[in-house]
$ cat protein27.csv   # CSV, C-alpha atoms
chain,number,residue,atom,x,y,z
A,1,GLN,CA,19.4,-0.2,6.0
A,2,VAL,CA,15.8,0.7,5.1
A,3,GLN,CA,13.3,-2.1,5.8
A,4,LEU,CA,9.6,-2.2,4.9
A,5,VAL,CA,7.3,-4.7,6.6
A,6,GLU,CA,3.8,-5.1,5.4
A,7,SER,CA,0.9,-6.8,7.2
A,8,GLY,CA,-2.8,-7.0,7.5
A,9,GLY,CA,-3.7,-9.0,4.5
A,10,GLY,CA,-6.0,-12.0,4.5
A,11,LEU,CA,-9.0,-13.7,3.0
A,12,VAL,CA,-12.2,-11.6,2.8
A,13,GLN,CA,-15.5,-11.9,1.1
A,14,PRO,CA,-16.5,-9.5,-1.7
A,15,GLY,CA,-17.8,-6.2,-0.1
A,16,GLY,CA,-15.6,-6.7,2.9
A,17,SER,CA,-12.8,-4.5,4.4
A,18,LEU,CA,-9.2,-4.8,5.4
A,19,ARG,CA,-6.6,-2.4,6.7
A,20,LEU,CA,-3.0,-2.9,5.7
A,21,SER,CA,0.0,-1.6,7.6
A,22,CYS,CA,3.5,-0.8,6.4
A,23,VAL,CA,6.1,-0.1,9.0
A,24,ALA,CA,9.3,1.5,7.7
A,25,SER,CA,12.6,1.7,9.4
A,26,GLY,CA,15.4,4.1,8.5
A,27,SER,CA,15.2,7.7,7.1
A,28,ILE,CA,12.9,7.0,4.2
A,29,PHE,CA,9.7,7.5,6.1
A,30,SER,CA,10.1,11.0,7.3
A,31,ILE,CA,11.3,12.4,4.0
A,32,LYS,CA,9.6,10.7,1.1
A,33,SER,CA,6.1,10.3,-0.1
A,34,MET,CA,4.9,6.7,0.1
A,35,GLY,CA,2.8,4.4,-1.9
A,36,TRP,CA,0.9,1.2,-1.8
A,37,TYR,CA,1.4,-1.2,-4.7
A,38,ARG,CA,-0.1,-4.5,-5.7
A,39,GLN,CA,0.8,-7.3,-8.0
A,40,ALA,CA,-1.7,-9.9,-9.1
A,41,PRO,CA,-0.6,-13.2,-10.6
A,42,GLY,CA,0.7,-12.8,-14.1
A,43,LYS,CA,0.4,-9.0,-13.9
A,44,GLU,CA,2.9,-6.2,-13.4
A,45,ARG,CA,3.1,-4.4,-10.1
A,46,GLU,CA,1.0,-1.3,-10.1
A,47,LEU,CA,0.7,1.7,-7.8
A,48,VAL,CA,-2.7,2.0,-6.3
A,49,ALA,CA,-2.4,4.8,-3.7
A,50,ALA,CA,0.2,7.4,-2.8
A,51,ILE,CA,0.5,9.8,0.0
A,52,PHE,CA,2.6,12.9,-0.3
A,53,LEU,CA,4.7,14.9,2.1
A,54,ARG,CA,2.0,17.3,3.1
A,55,GLY,CA,-0.7,14.6,3.4
A,56,SER,CA,-2.5,14.8,0.1
A,57,ALA,CA,-3.2,11.5,-1.6
A,58,ASP,CA,-3.8,10.1,-5.0
A,59,TYR,CA,-5.4,6.9,-6.1
A,60,ALA,CA,-5.6,4.6,-9.1
A,61,ASP,CA,-9.0,4.9,-10.8
A,62,SER,CA,-9.7,1.2,-10.0
A,63,VAL,CA,-9.6,1.9,-6.2
A,64,LYS,CA,-10.8,5.5,-6.0
A,65,GLY,CA,-13.6,5.9,-3.5
A,66,ARG,CA,-12.9,2.5,-1.9
A,67,PHE,CA,-9.3,2.7,-0.6
A,68,THR,CA,-7.8,5.3,1.7
A,69,ILE,CA,-4.1,5.8,2.4
A,70,SER,CA,-2.9,7.4,5.5
A,71,ARG,CA,0.3,7.7,7.6
A,72,ASP,CA,1.4,8.0,11.2
A,73,TYR,CA,4.7,9.6,11.5
A,74,ALA,CA,5.2,8.7,15.1
A,75,LYS,CA,4.6,5.1,14.4
A,76,ARG,CA,6.6,5.2,11.1
A,77,THR,CA,3.6,3.5,9.5
A,78,VAL,CA,1.6,3.9,6.4
A,79,TYR,CA,-1.9,2.4,6.2
A,80,LEU,CA,-4.2,1.3,3.4
A,81,GLN,CA,-7.9,1.1,4.4
A,82,MET,CA,-9.6,-1.0,1.8
A,83,ASN,CA,-13.4,-1.1,1.7
A,84,SER,CA,-15.9,-2.6,-0.7
A,85,LEU,CA,-13.4,-5.1,-1.8
A,86,LYS,CA,-13.8,-6.9,-5.1
A,87,PRO,CA,-12.3,-10.2,-6.4
A,88,GLU,CA,-10.1,-8.2,-8.8
A,89,ASP,CA,-8.4,-6.6,-5.8
A,90,THR,CA,-6.8,-10.0,-5.1
A,91,ALA,CA,-3.1,-9.5,-5.1
A,92,VAL,CA,0.1,-9.2,-3.0
A,93,TYR,CA,0.2,-5.7,-1.6
A,94,TYR,CA,3.5,-3.8,-1.1
A,95,CYS,CA,4.6,-0.4,0.2
A,96,ASN,CA,7.5,1.7,-1.0
A,97,ARG,CA,8.4,5.2,-2.1
A,98,ASP,CA,5.8,6.5,-4.5
A,99,SER,CA,8.4,6.8,-7.3
A,100,PRO,CA,11.9,5.6,-8.1
A,101,PRO,CA,14.5,5.1,-6.7
A,102,TYR,CA,12.8,2.4,-4.7
A,103,VAL,CA,14.2,0.9,-1.6
A,104,LEU,CA,14.4,-2.9,-1.1
A,105,TRP,CA,10.9,-4.3,-1.5
A,106,GLY,CA,9.4,-6.1,1.5
A,107,GLN,CA,7.7,-9.5,1.3
A,108,GLY,CA,4.3,-7.9,0.9
A,109,THR,CA,1.0,-9.1,2.3
A,110,GLN,CA,-1.5,-11.3,0.4
A,111,VAL,CA,-5.1,-10.0,0.0
A,112,THR,CA,-7.6,-12.5,-1.4
A,113,VAL,CA,-11.1,-11.5,-2.1
A,114,SER,CA,-13.3,-14.5,-2.6
A,115,SER,CA,-16.7,-15.9,-1.5

$ encode --input "protein27.csv" --output "structure tokens"
Amino acid sequence: QVQLVESGGGLVQPGGSLRLSCVASGSIFSIKSMGWYRQAPGKERELVAAIFLRGSADYADSVKGRFTISRDYAKRTVYLQMNSLKPEDTAVYYCNRDSPPYVLWGQGTQVTVSS
């Protein structure tokens, strides 16, 4: 069974940085493009970054130039480097396939940007 485990969140001041990690088990990781999503309170889950099979990436306008997605096949891990964080980046962050059908969502990792 595919399992996704996110980590690396925390409390950070505006302008700070965090690096999130997503470790994937099962066959999903080596085949599919992956994405990082976030869900803020009262809002729908949104895709903020995706990395494709050949390593290219795409970003939501709201994070472009500040976030960088990468992957390590050997470690079965996808990363999200987040710089210049803003209060509006506060959310629970999840990883999954970049498009449906999704696998079971992990618990996510909370990112809080506040002074």

$ closest_atom_pairs --input "protein27.csv" --of "stretch 49-82 of chain A" --to "stretch 94-98 of chain A" --cutoff "10 Å" --atoms "all atoms listed in the file" --output "CSV"
residue,atom,partner,partner_atom,distance
A:Ala49,CA,A:Asp98,CA,8.4
A:Ala50,CA,A:Asp98,CA,5.9
A:Ile51,CA,A:Asp98,CA,7.7
A:Phe52,CA,A:Asp98,CA,8.3
A:Val78,CA,A:Cys95,CA,8.1
A:Tyr79,CA,A:Cys95,CA,9.3
A:Leu80,CA,A:Cys95,CA,9.5

$ residues_around --input "protein27.csv" --residues "stretch 7-9 of chain A" --least-positions-apart "5" --cutoff "10 Å" --atoms "all atoms listed in the file" --output "ChimeraX atom specification"
/A:18-23,79-80,91-94,107-112

$ write_last_selection --input "protein27.csv" --atoms "C-alpha atoms" --output "PDB file, in the coordinates of the input"
ATOM      1  CA  LEU A  18      -9.200  -4.800   5.400  1.00  0.00           C
ATOM      2  CA  ARG A  19      -6.600  -2.400   6.700  1.00  0.00           C
ATOM      3  CA  LEU A  20      -3.000  -2.900   5.700  1.00  0.00           C
ATOM      4  CA  SER A  21       0.000  -1.600   7.600  1.00  0.00           C
ATOM      5  CA  CYS A  22       3.500  -0.800   6.400  1.00  0.00           C
ATOM      6  CA  VAL A  23       6.100  -0.100   9.000  1.00  0.00           C
ATOM      7  CA  TYR A  79      -1.900   2.400   6.200  1.00  0.00           C
ATOM      8  CA  LEU A  80      -4.200   1.300   3.400  1.00  0.00           C
ATOM      9  CA  ALA A  91      -3.100  -9.500  -5.100  1.00  0.00           C
ATOM     10  CA  VAL A  92       0.100  -9.200  -3.000  1.00  0.00           C
ATOM     11  CA  TYR A  93       0.200  -5.700  -1.600  1.00  0.00           C
ATOM     12  CA  TYR A  94       3.500  -3.800  -1.100  1.00  0.00           C
ATOM     13  CA  GLN A 107       7.700  -9.500   1.300  1.00  0.00           C
ATOM     14  CA  GLY A 108       4.300  -7.900   0.900  1.00  0.00           C
ATOM     15  CA  THR A 109       1.000  -9.100   2.300  1.00  0.00           C
ATOM     16  CA  GLN A 110      -1.500 -11.300   0.400  1.00  0.00           C
ATOM     17  CA  VAL A 111      -5.100 -10.000   0.000  1.00  0.00           C
ATOM     18  CA  THR A 112      -7.600 -12.500  -1.400  1.00  0.00           C
TER      19      THR A 112
END

$ atom_distance --input "protein27.csv" --atom1 "atom CA of A:Pro14" --atom2 "atom CA of A:Ser62"
15.2 Å

$ atom_distance --input "protein27.csv" --atom1 "atom CA of A:Arg66" --atom2 "atom CA of A:Asn83"
5.1 Å

$ atom_distance --input "protein27.csv" --atom1 "atom CA of A:Asp58" --atom2 "atom CA of A:Ser17"
19.6 Å

$ closest_residue --input "protein27.csv" --among "A:Pro41, A:Gly15, A:Gly35, A:Gly65" --to "A:Pro100" --atoms "only C-alpha atoms"
A:Gly35

$ closest_residue --input "protein27.csv" --among "A:Leu104, A:Ala24, A:Thr90, A:Gln39" --to "A:Asp72" --atoms "only C-alpha atoms"
A:Ala24

$ closest_residue --input "protein27.csv" --among "A:Ala60, A:Ala74, A:Glu88, A:Ile69" --to "A:Lys43" --atoms "only C-alpha atoms"
A:Glu88

$ residues_near_point --input "protein27.csv" --point "(-5.1, 1.4, -5.8)" --cutoff "8 Å" --atoms "only C-alpha atoms" --output "PyMOL selection string"
chain A and resi 36-38+46-49+59-64+67
